[in-house]
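Structure below is data.cif: mmCIF, C-alpha atoms.
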```cif
data_run
#
loop_
_atom_site.group_PDB
_atom_site.id
_atom_site.type_symbol
_atom_site.label_atom_id
_atom_site.label_comp_id
_atom_site.auth_asym_id
_atom_site.auth_seq_id
_atom_site.Cartn_x
_atom_site.Cartn_y
_atom_site.Cartn_z
ATOM 1 C CA MET F 1 193.786 101.216 -21.743
ATOM 2 C CA LYS F 2 194.560 104.186 -23.979
ATOM 3 C CA ALA F 3 197.593 103.889 -26.260
ATOM 4 C CA LYS F 4 200.523 106.130 -25.499
ATOM 5 C CA ILE F 5 201.611 108.606 -28.144
ATOM 6 C CA SER F 6 205.374 108.674 -28.596
ATOM 7 C CA ARG F 7 205.500 110.845 -31.718
ATOM 8 C CA LEU F 8 203.422 113.184 -33.849
ATOM 9 C CA ASN F 9 204.860 113.171 -37.354
ATOM 10 C CA PRO F 10 204.852 116.869 -38.377
ATOM 11 C CA LYS F 11 204.012 115.990 -41.991
ATOM 12 C CA GLU F 12 200.883 114.168 -40.818
ATOM 13 C CA THR F 13 199.880 116.765 -38.230
ATOM 14 C CA VAL F 14 197.753 119.911 -38.420
ATOM 15 C CA LEU F 15 197.558 122.635 -35.786
ATOM 16 C CA LEU F 16 194.087 124.142 -35.493
ATOM 17 C CA VAL F 17 193.966 127.648 -34.039
ATOM 18 C CA ILE F 18 190.304 128.031 -33.180
ATOM 19 C CA ASP F 19 188.646 131.460 -33.319
ATOM 20 C CA MET F 20 191.426 133.626 -31.893
ATOM 21 C CA GLN F 21 189.524 136.668 -33.100
ATOM 22 C CA ASN F 22 189.516 140.212 -31.808
ATOM 23 C CA ASP F 23 185.943 139.894 -30.524
ATOM 24 C CA PHE F 24 187.126 137.229 -28.061
ATOM 25 C CA ILE F 25 190.480 138.823 -27.242
ATOM 26 C CA GLU F 26 190.291 142.612 -27.146
ATOM 27 C CA LYS F 27 189.630 144.223 -23.799
ATOM 28 C CA GLY F 28 186.063 145.361 -23.265
ATOM 29 C CA LYS F 29 184.523 143.358 -26.109
ATOM 30 C CA LYS F 30 181.179 141.759 -25.229
ATOM 31 C CA LEU F 31 182.563 138.302 -26.096
ATOM 32 C CA GLU F 32 185.902 138.804 -24.339
ATOM 33 C CA VAL F 33 187.229 135.602 -22.761
ATOM 34 C CA ARG F 34 188.656 136.325 -19.335
ATOM 35 C CA GLY F 35 192.429 135.780 -19.156
ATOM 36 C CA ILE F 36 192.858 135.022 -22.851
ATOM 37 C CA ARG F 37 195.355 137.812 -23.510
ATOM 38 C CA ASP F 38 197.742 136.265 -20.976
ATOM 39 C CA GLY F 39 198.153 133.276 -23.283
ATOM 40 C CA ILE F 40 198.716 135.020 -26.610
ATOM 41 C CA SER F 41 202.526 135.139 -26.531
ATOM 42 C CA LYS F 42 202.734 131.461 -25.543
ATOM 43 C CA LEU F 43 200.297 130.469 -28.292
ATOM 44 C CA LYS F 44 202.229 132.546 -30.836
ATOM 45 C CA ALA F 45 205.472 130.800 -29.844
ATOM 46 C CA PHE F 46 203.805 127.405 -30.234
ATOM 47 C CA ILE F 47 202.378 128.309 -33.641
ATOM 48 C CA ASP F 48 205.836 129.435 -34.776
ATOM 49 C CA TYR F 49 207.398 126.242 -33.431
ATOM 50 C CA CYS F 50 204.873 124.054 -35.267
ATOM 51 C CA ARG F 51 205.272 126.045 -38.463
ATOM 52 C CA GLY F 52 209.040 125.623 -38.224
ATOM 53 C CA LYS F 53 208.584 121.859 -37.933
ATOM 54 C CA GLY F 54 206.501 121.774 -41.103
ATOM 55 C CA VAL F 55 203.107 121.393 -39.408
ATOM 56 C CA LEU F 56 200.242 122.923 -41.397
ATOM 57 C CA ILE F 57 198.602 125.767 -39.463
ATOM 58 C CA ILE F 58 194.864 126.254 -39.983
ATOM 59 C CA TYR F 59 193.070 129.198 -38.394
ATOM 60 C CA THR F 60 189.305 129.308 -38.014
ATOM 61 C CA ARG F 61 187.075 132.353 -37.712
ATOM 62 C CA HIS F 62 183.546 132.129 -36.372
ATOM 63 C CA TYR F 63 180.850 134.395 -37.763
ATOM 64 C CA TYR F 64 177.193 135.030 -37.157
ATOM 65 C CA THR F 65 174.241 136.179 -39.241
ATOM 66 C CA LYS F 66 170.584 135.850 -38.330
ATOM 67 C CA SER F 67 169.733 134.137 -41.603
ATOM 68 C CA GLY F 68 172.723 131.816 -41.517
ATOM 69 C CA ASN F 69 172.489 130.860 -37.852
ATOM 70 C CA PRO F 70 168.803 130.413 -37.025
ATOM 71 C CA ILE F 71 169.360 128.168 -34.004
ATOM 72 C CA SER F 72 171.959 130.548 -32.590
ATOM 73 C CA THR F 73 169.404 133.327 -32.973
ATOM 74 C CA LEU F 74 166.980 131.342 -30.818
ATOM 75 C CA LEU F 75 169.632 130.500 -28.240
ATOM 76 C CA PHE F 76 171.240 133.950 -28.094
ATOM 77 C CA SER F 77 168.782 136.584 -29.254
ATOM 78 C CA ASN F 78 171.259 139.431 -28.738
ATOM 79 C CA LEU F 79 174.218 137.794 -30.508
ATOM 80 C CA SER F 80 174.070 140.189 -33.450
ATOM 81 C CA ASP F 81 174.794 143.019 -31.004
ATOM 82 C CA ARG F 82 177.777 141.241 -29.476
ATOM 83 C CA GLY F 83 180.087 140.731 -32.452
ATOM 84 C CA LEU F 84 181.344 138.102 -34.915
ATOM 85 C CA ASN F 85 180.261 140.229 -37.874
ATOM 86 C CA ARG F 86 182.289 139.287 -40.961
ATOM 87 C CA ASN F 87 182.624 142.918 -42.014
ATOM 88 C CA ALA F 88 184.034 144.136 -38.703
ATOM 89 C CA LYS F 89 187.504 144.265 -37.161
ATOM 90 C CA GLY F 90 186.327 142.024 -34.341
ATOM 91 C CA PHE F 91 185.949 139.139 -36.789
ATOM 92 C CA GLU F 92 189.642 139.155 -37.737
ATOM 93 C CA ILE F 93 192.372 137.018 -36.177
ATOM 94 C CA HIS F 94 194.287 138.959 -33.539
ATOM 95 C CA LYS F 95 197.262 140.746 -35.108
ATOM 96 C CA ASP F 96 199.810 139.073 -32.817
ATOM 97 C CA LEU F 97 198.847 135.573 -33.971
ATOM 98 C CA GLY F 98 198.996 135.630 -37.777
ATOM 99 C CA PRO F 99 198.139 134.004 -40.085
ATOM 100 C CA GLU F 100 201.036 133.896 -42.538
ATOM 101 C CA LYS F 101 200.690 133.353 -46.296
ATOM 102 C CA ARG F 102 201.372 129.613 -46.146
ATOM 103 C CA ASP F 103 198.722 129.056 -43.441
ATOM 104 C CA LEU F 104 195.084 128.279 -44.199
ATOM 105 C CA LEU F 105 192.050 130.191 -42.993
ATOM 106 C CA ILE F 106 188.579 128.674 -42.641
ATOM 107 C CA ASP F 107 185.428 130.622 -41.849
ATOM 108 C CA LYS F 108 182.658 128.785 -40.044
ATOM 109 C CA LYS F 109 179.176 129.551 -38.773
ATOM 110 C CA ARG F 110 178.837 126.670 -36.334
ATOM 111 C CA TYR F 111 180.925 125.734 -33.303
ATOM 112 C CA ASP F 112 182.310 122.669 -35.079
ATOM 113 C CA ALA F 113 185.002 123.634 -37.610
ATOM 114 C CA PHE F 114 184.224 120.494 -39.623
ATOM 115 C CA PHE F 115 180.572 121.402 -40.177
ATOM 116 C CA LYS F 116 180.034 122.436 -43.827
ATOM 117 C CA THR F 117 183.508 123.956 -44.189
ATOM 118 C CA GLY F 118 185.541 121.505 -46.253
ATOM 119 C CA LEU F 119 188.050 121.073 -43.429
ATOM 120 C CA ASN F 120 187.891 117.282 -43.524
ATOM 121 C CA GLU F 121 188.515 117.255 -47.265
ATOM 122 C CA ILE F 122 191.573 119.483 -46.808
ATOM 123 C CA LEU F 123 192.955 117.190 -44.127
ATOM 124 C CA LYS F 124 192.294 114.027 -46.134
ATOM 125 C CA SER F 125 193.982 115.491 -49.211
ATOM 126 C CA ARG F 126 197.104 116.079 -47.113
ATOM 127 C CA ARG F 127 196.933 112.622 -45.514
ATOM 128 C CA THR F 128 196.606 114.167 -42.076
ATOM 129 C CA ARG F 129 196.482 111.743 -39.169
ATOM 130 C CA ASN F 130 196.914 114.029 -36.155
ATOM 131 C CA ILE F 131 195.213 117.246 -35.069
ATOM 132 C CA ILE F 132 196.370 119.567 -32.293
ATOM 133 C CA ILE F 133 193.616 121.787 -30.886
ATOM 134 C CA THR F 134 194.302 125.298 -29.570
ATOM 135 C CA GLY F 135 192.194 128.446 -29.274
ATOM 136 C CA THR F 136 188.885 129.526 -27.786
ATOM 137 C CA MET F 137 186.454 128.708 -26.336
ATOM 138 C CA THR F 138 187.535 125.443 -24.748
ATOM 139 C CA GLN F 139 184.028 124.217 -23.932
ATOM 140 C CA VAL F 140 182.365 125.418 -27.122
ATOM 141 C CA CYS F 141 184.178 125.611 -30.471
ATOM 142 C CA CYS F 142 187.370 123.841 -29.377
ATOM 143 C CA GLU F 143 185.538 120.914 -27.809
ATOM 144 C CA SER F 144 182.970 120.636 -30.625
ATOM 145 C CA THR F 145 185.724 120.538 -33.241
ATOM 146 C CA ALA F 146 187.880 118.133 -31.243
ATOM 147 C CA ARG F 147 185.039 115.666 -30.780
ATOM 148 C CA SER F 148 184.287 115.697 -34.492
ATOM 149 C CA ALA F 149 187.967 115.098 -35.195
ATOM 150 C CA MET F 150 187.820 111.971 -33.038
ATOM 151 C CA PHE F 151 184.621 110.818 -34.770
ATOM 152 C CA LEU F 152 186.481 111.170 -38.080
ATOM 153 C CA ASP F 153 189.329 108.984 -36.767
ATOM 154 C CA TYR F 154 192.008 111.619 -36.279
ATOM 155 C CA VAL F 155 194.413 111.327 -33.353
ATOM 156 C CA THR F 156 193.259 114.426 -31.516
ATOM 157 C CA VAL F 157 195.394 116.295 -29.004
ATOM 158 C CA PHE F 158 193.969 119.083 -26.841
ATOM 159 C CA CYS F 159 196.595 121.587 -25.658
ATOM 160 C CA SER F 160 195.704 122.101 -22.003
ATOM 161 C CA ASP F 161 197.513 125.435 -21.690
ATOM 162 C CA LEU F 162 196.617 126.858 -25.106
ATOM 163 C CA THR F 163 192.834 126.538 -25.028
ATOM 164 C CA PHE F 164 190.907 129.272 -23.261
ATOM 165 C CA SER F 165 187.517 129.265 -21.556
ATOM 166 C CA GLY F 166 187.608 132.067 -18.999
ATOM 167 C CA ASP F 167 186.403 129.621 -16.339
ATOM 168 C CA GLU F 168 188.905 127.390 -14.552
ATOM 169 C CA ILE F 169 186.297 124.879 -13.371
ATOM 170 C CA VAL F 170 184.852 124.483 -16.868
ATOM 171 C CA GLN F 171 188.352 124.215 -18.338
ATOM 172 C CA LYS F 172 189.310 121.366 -16.030
ATOM 173 C CA ALA F 173 186.022 119.522 -16.583
ATOM 174 C CA VAL F 174 186.292 119.669 -20.383
ATOM 175 C CA LEU F 175 189.906 118.525 -20.391
ATOM 176 C CA LYS F 176 189.171 115.655 -18.011
ATOM 177 C CA THR F 177 186.233 114.412 -20.089
ATOM 178 C CA PHE F 178 188.050 114.806 -23.387
ATOM 179 C CA ASN F 179 191.129 112.978 -22.134
ATOM 180 C CA LYS F 180 189.025 110.081 -20.861
ATOM 181 C CA TYR F 181 186.735 109.545 -23.844
ATOM 182 C CA PHE F 182 187.879 111.373 -26.967
ATOM 183 C CA GLY F 183 191.618 111.874 -27.263
ATOM 184 C CA TRP F 184 194.715 113.073 -25.507
ATOM 185 C CA VAL F 185 195.330 116.171 -23.396
ATOM 186 C CA PHE F 186 198.910 117.426 -23.337
ATOM 187 C CA SER F 187 200.658 120.624 -22.389
ATOM 188 C CA SER F 188 202.151 122.550 -25.273
ATOM 189 C CA ASN F 189 205.615 121.612 -23.996
ATOM 190 C CA LYS F 190 204.794 117.919 -24.308
ATOM 191 C CA ALA F 191 203.281 118.478 -27.748
ATOM 192 C CA ARG F 192 206.546 120.131 -28.806
ATOM 193 C CA ARG F 193 208.512 117.084 -27.658
ATOM 194 C CA LEU F 194 206.256 114.779 -29.669
ATOM 195 C CA LEU F 195 206.713 116.742 -32.918
ATOM 196 C CA LYS F 196 209.954 115.117 -33.994
#
```
For the structure just supplied, provide its representation as structure tokens.
Amino acid sequence: MKAKISRLNPKETVLLVIDMQNDFIEKGKKLEVRGIRDGISKLKAFIDYCRGKGVLIIYTRHYYTKSGNPISTLLFSNLSDRGLNRNAKGFEIHKDLGPEKRDLLIDKKRYDAFFKTGLNEILKSRRTRNIIITGTMTQVCCESTARSAMFLDYVTVFCSDLTFSGDEIVQKAVLKTFNKYFGWVFSSNKARRLLK
């Protein structure tokens, strides 16, 4: 039986905001995630709440180049035409979400934010024990990062209402699987109550 979590010590907790970039958020973008804009104000409020509690906020940005992402080029031959170019506005974090000066920003070229980024070293240096996952896409970068967090022995919490996939069936399936085998799935309201 899975242990119950009664508290997430803010000093030992990091909030990951995964890939909340303009290419996924702005209307009409080729990578736009359906319904994502409806959650921005709620995510912003949660980020502010966590920051106020002393939780470290780490934003990730995903990027693509043909030379740097050879397998992605094979999987998605037209990806270079769809966005995630480091020199474009679409690569940047959406203006309504931050980051602020005290937050950290990590660029990544794979779904998993731990892969060749130094994220684990940052977390270890801060004696992090808990990770809260938010952002997009639930079934891709969020899930890949969350699974790695579990493999690295972090208590990993998936925010059910602050991860975005654009597909309700996929969203439910990912959350159900993650909650059963990899970590904990909580609403952002419950996560707030645990940060005490």
Quiz item: How would you write, as a PyMOL selection string, the residues chosen by the PyMOL selection byres ((chain F and resi 135-147) around 9) on this structure?
Solution: chain F and resi 16-21+24+33+36+43+62+110-115+131-134+148-152+156-159+162-166+170-171+173-175+178+182-183
Practice problem: Given the file shown, determine the residues that the PyMOL selection byres ((chain F and resi 103) around 10) selects; report them as number ranges by chain. | Solution: F: 51, 55-59, 98-102, 104-105
Practice problem: Compute the distance from (194.1, 140.0, -33.7) to each atom, counting all atoms listed in the file, keep the residues with any atom at most 10 Å away, and return them as JSON, numbers by chain; use the coordinates of the file. | Solution: {"F": [20, 21, 22, 23, 24, 25, 26, 40, 89, 90, 91, 92, 93, 94, 95, 96, 97, 98, 99]}
Self-check item: Separation of atom CA of Thr60 of chain F from atom CA of Ser188 of chain F in Å
Solution: 19.3 Å
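Between atom CA of Ala88 of chain F and atom CA of Val14 of chain F lies a distance of 27.8 Å.
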Quiz item: Which value, in Å to one decimal, gives the distance between atom CA of Leu195 of chain F and atom CA of Gly54 of chain F?
Solution: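 Atom-to-atom, atom CA of Leu195 of chain F to atom CA of Gly54 of chain F, that is 9.6 Å.
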Quiz item: Applied to this file, what does the PyMOL selection byres ((chain F and resi 65) around 10) return in terms of residues, put as a list in words?
Solution: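 This file gives the following for the PyMOL selection byres ((chain F and resi 65) around 10): Tyr63, Tyr64, Lys66, Ser67, Gly68, Asn69, Pro70, Ser72, Thr73, Leu79, Ser80, Leu84, Asn85, Arg86 and Lys109 of chain F.
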Exercise. List the neighbours of Asn189 of chain F out to 10 Å using all atoms listed in the file; skip same-chain residues closer than 5 positions along the sequence, and give me the result as a PyMOL selection string.
Key: chain F and resi 46+159+161+194
Quiz item: F:Lys108, F:Arg34, F:Lys29, F:Lys180: which is nearest Lys2 of chain F, counting all atoms listed in the file?
Solution: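 Of all the options, F:Lys180 lies closest to Lys2 of chain F.
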Exercise on segment 125-130 of chain F, axis-aligned box with 5 Å per side, report centre and edge lengths in Å to one decimal, as lines of an AutoDock Vina configuration file:
```
center_x = 195.5
center_y = 113.9
center_z = -42.7
size_x = 13.1
size_y = 14.3
size_z = 23.1
```
Is it possible to add N, CA and C atoms to segment 99-118 of chain F and hand it back as a PDB file, in the frame of the given file?
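Below is the file selection_34.pdb, written as the result:
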```
ATOM      1  N   PRO F  99     197.355 135.082 -39.486  1.00  0.00           N
ATOM      2  CA  PRO F  99     198.139 134.004 -40.085  1.00  0.00           C
ATOM      3  C   PRO F  99     199.189 134.515 -41.074  1.00  0.00           C
ATOM      4  N   GLU F 100     200.075 133.604 -41.490  1.00  0.00           N
ATOM      5  CA  GLU F 100     201.036 133.896 -42.538  1.00  0.00           C
ATOM      6  C   GLU F 100     200.513 133.354 -43.864  1.00  0.00           C
ATOM      7  N   LYS F 101     201.183 133.703 -44.958  1.00  0.00           N
ATOM      8  CA  LYS F 101     200.690 133.353 -46.296  1.00  0.00           C
ATOM      9  C   LYS F 101     200.532 131.858 -46.497  1.00  0.00           C
ATOM     10  N   ARG F 102     201.427 131.067 -45.916  1.00  0.00           N
ATOM     11  CA  ARG F 102     201.372 129.613 -46.146  1.00  0.00           C
ATOM     12  C   ARG F 102     200.318 128.915 -45.287  1.00  0.00           C
ATOM     13  N   ASP F 103     199.752 129.625 -44.307  1.00  0.00           N
ATOM     14  CA  ASP F 103     198.722 129.056 -43.441  1.00  0.00           C
ATOM     15  C   ASP F 103     197.371 129.077 -44.157  1.00  0.00           C
ATOM     16  N   LEU F 104     196.442 128.287 -43.655  1.00  0.00           N
ATOM     17  CA  LEU F 104     195.084 128.279 -44.199  1.00  0.00           C
ATOM     18  C   LEU F 104     194.126 128.956 -43.222  1.00  0.00           C
ATOM     19  N   LEU F 105     193.053 129.484 -43.773  1.00  0.00           N
ATOM     20  CA  LEU F 105     192.050 130.191 -42.993  1.00  0.00           C
ATOM     21  C   LEU F 105     190.679 129.665 -43.385  1.00  0.00           C
ATOM     22  N   ILE F 106     189.912 129.228 -42.395  1.00  0.00           N
ATOM     23  CA  ILE F 106     188.579 128.674 -42.641  1.00  0.00           C
ATOM     24  C   ILE F 106     187.548 129.462 -41.840  1.00  0.00           C
ATOM     25  N   ASP F 107     186.533 129.940 -42.520  1.00  0.00           N
ATOM     26  CA  ASP F 107     185.428 130.622 -41.849  1.00  0.00           C
ATOM     27  C   ASP F 107     184.317 129.615 -41.595  1.00  0.00           C
ATOM     28  N   LYS F 108     183.694 129.734 -40.428  1.00  0.00           N
ATOM     29  CA  LYS F 108     182.658 128.785 -40.044  1.00  0.00           C
ATOM     30  C   LYS F 108     181.518 129.513 -39.356  1.00  0.00           C
ATOM     31  N   LYS F 109     180.321 128.933 -39.447  1.00  0.00           N
ATOM     32  CA  LYS F 109     179.176 129.551 -38.773  1.00  0.00           C
ATOM     33  C   LYS F 109     178.559 128.633 -37.726  1.00  0.00           C
ATOM     34  N   ARG F 110     179.237 127.557 -37.423  1.00  0.00           N
ATOM     35  CA  ARG F 110     178.837 126.670 -36.334  1.00  0.00           C
ATOM     36  C   ARG F 110     180.051 126.446 -35.436  1.00  0.00           C
ATOM     37  N   TYR F 111     179.821 125.968 -34.227  1.00  0.00           N
ATOM     38  CA  TYR F 111     180.925 125.734 -33.303  1.00  0.00           C
ATOM     39  C   TYR F 111     181.955 124.765 -33.887  1.00  0.00           C
ATOM     40  N   ASP F 112     181.473 123.735 -34.539  1.00  0.00           N
ATOM     41  CA  ASP F 112     182.310 122.669 -35.079  1.00  0.00           C
ATOM     42  C   ASP F 112     182.960 123.116 -36.394  1.00  0.00           C
ATOM     43  N   ALA F 113     184.288 123.171 -36.416  1.00  0.00           N
ATOM     44  CA  ALA F 113     185.002 123.634 -37.610  1.00  0.00           C
ATOM     45  C   ALA F 113     184.901 122.661 -38.778  1.00  0.00           C
ATOM     46  N   PHE F 114     184.409 121.455 -38.538  1.00  0.00           N
ATOM     47  CA  PHE F 114     184.224 120.494 -39.623  1.00  0.00           C
ATOM     48  C   PHE F 114     182.877 120.666 -40.319  1.00  0.00           C
ATOM     49  N   PHE F 115     181.944 121.347 -39.680  1.00  0.00           N
ATOM     50  CA  PHE F 115     180.572 121.402 -40.177  1.00  0.00           C
ATOM     51  C   PHE F 115     180.456 122.319 -41.391  1.00  0.00           C
ATOM     52  N   LYS F 116     180.247 121.707 -42.573  1.00  0.00           N
ATOM     53  CA  LYS F 116     180.034 122.436 -43.827  1.00  0.00           C
ATOM     54  C   LYS F 116     181.138 123.434 -44.151  1.00  0.00           C
ATOM     55  N   THR F 117     182.393 123.050 -43.896  1.00  0.00           N
ATOM     56  CA  THR F 117     183.508 123.956 -44.189  1.00  0.00           C
ATOM     57  C   THR F 117     184.512 123.393 -45.179  1.00  0.00           C
ATOM     58  N   GLY F 118     184.522 122.101 -45.404  1.00  0.00           N
ATOM     59  CA  GLY F 118     185.541 121.505 -46.253  1.00  0.00           C
ATOM     60  C   GLY F 118     186.818 121.159 -45.518  1.00  0.00           C
TER      61      GLY F 118
END
```
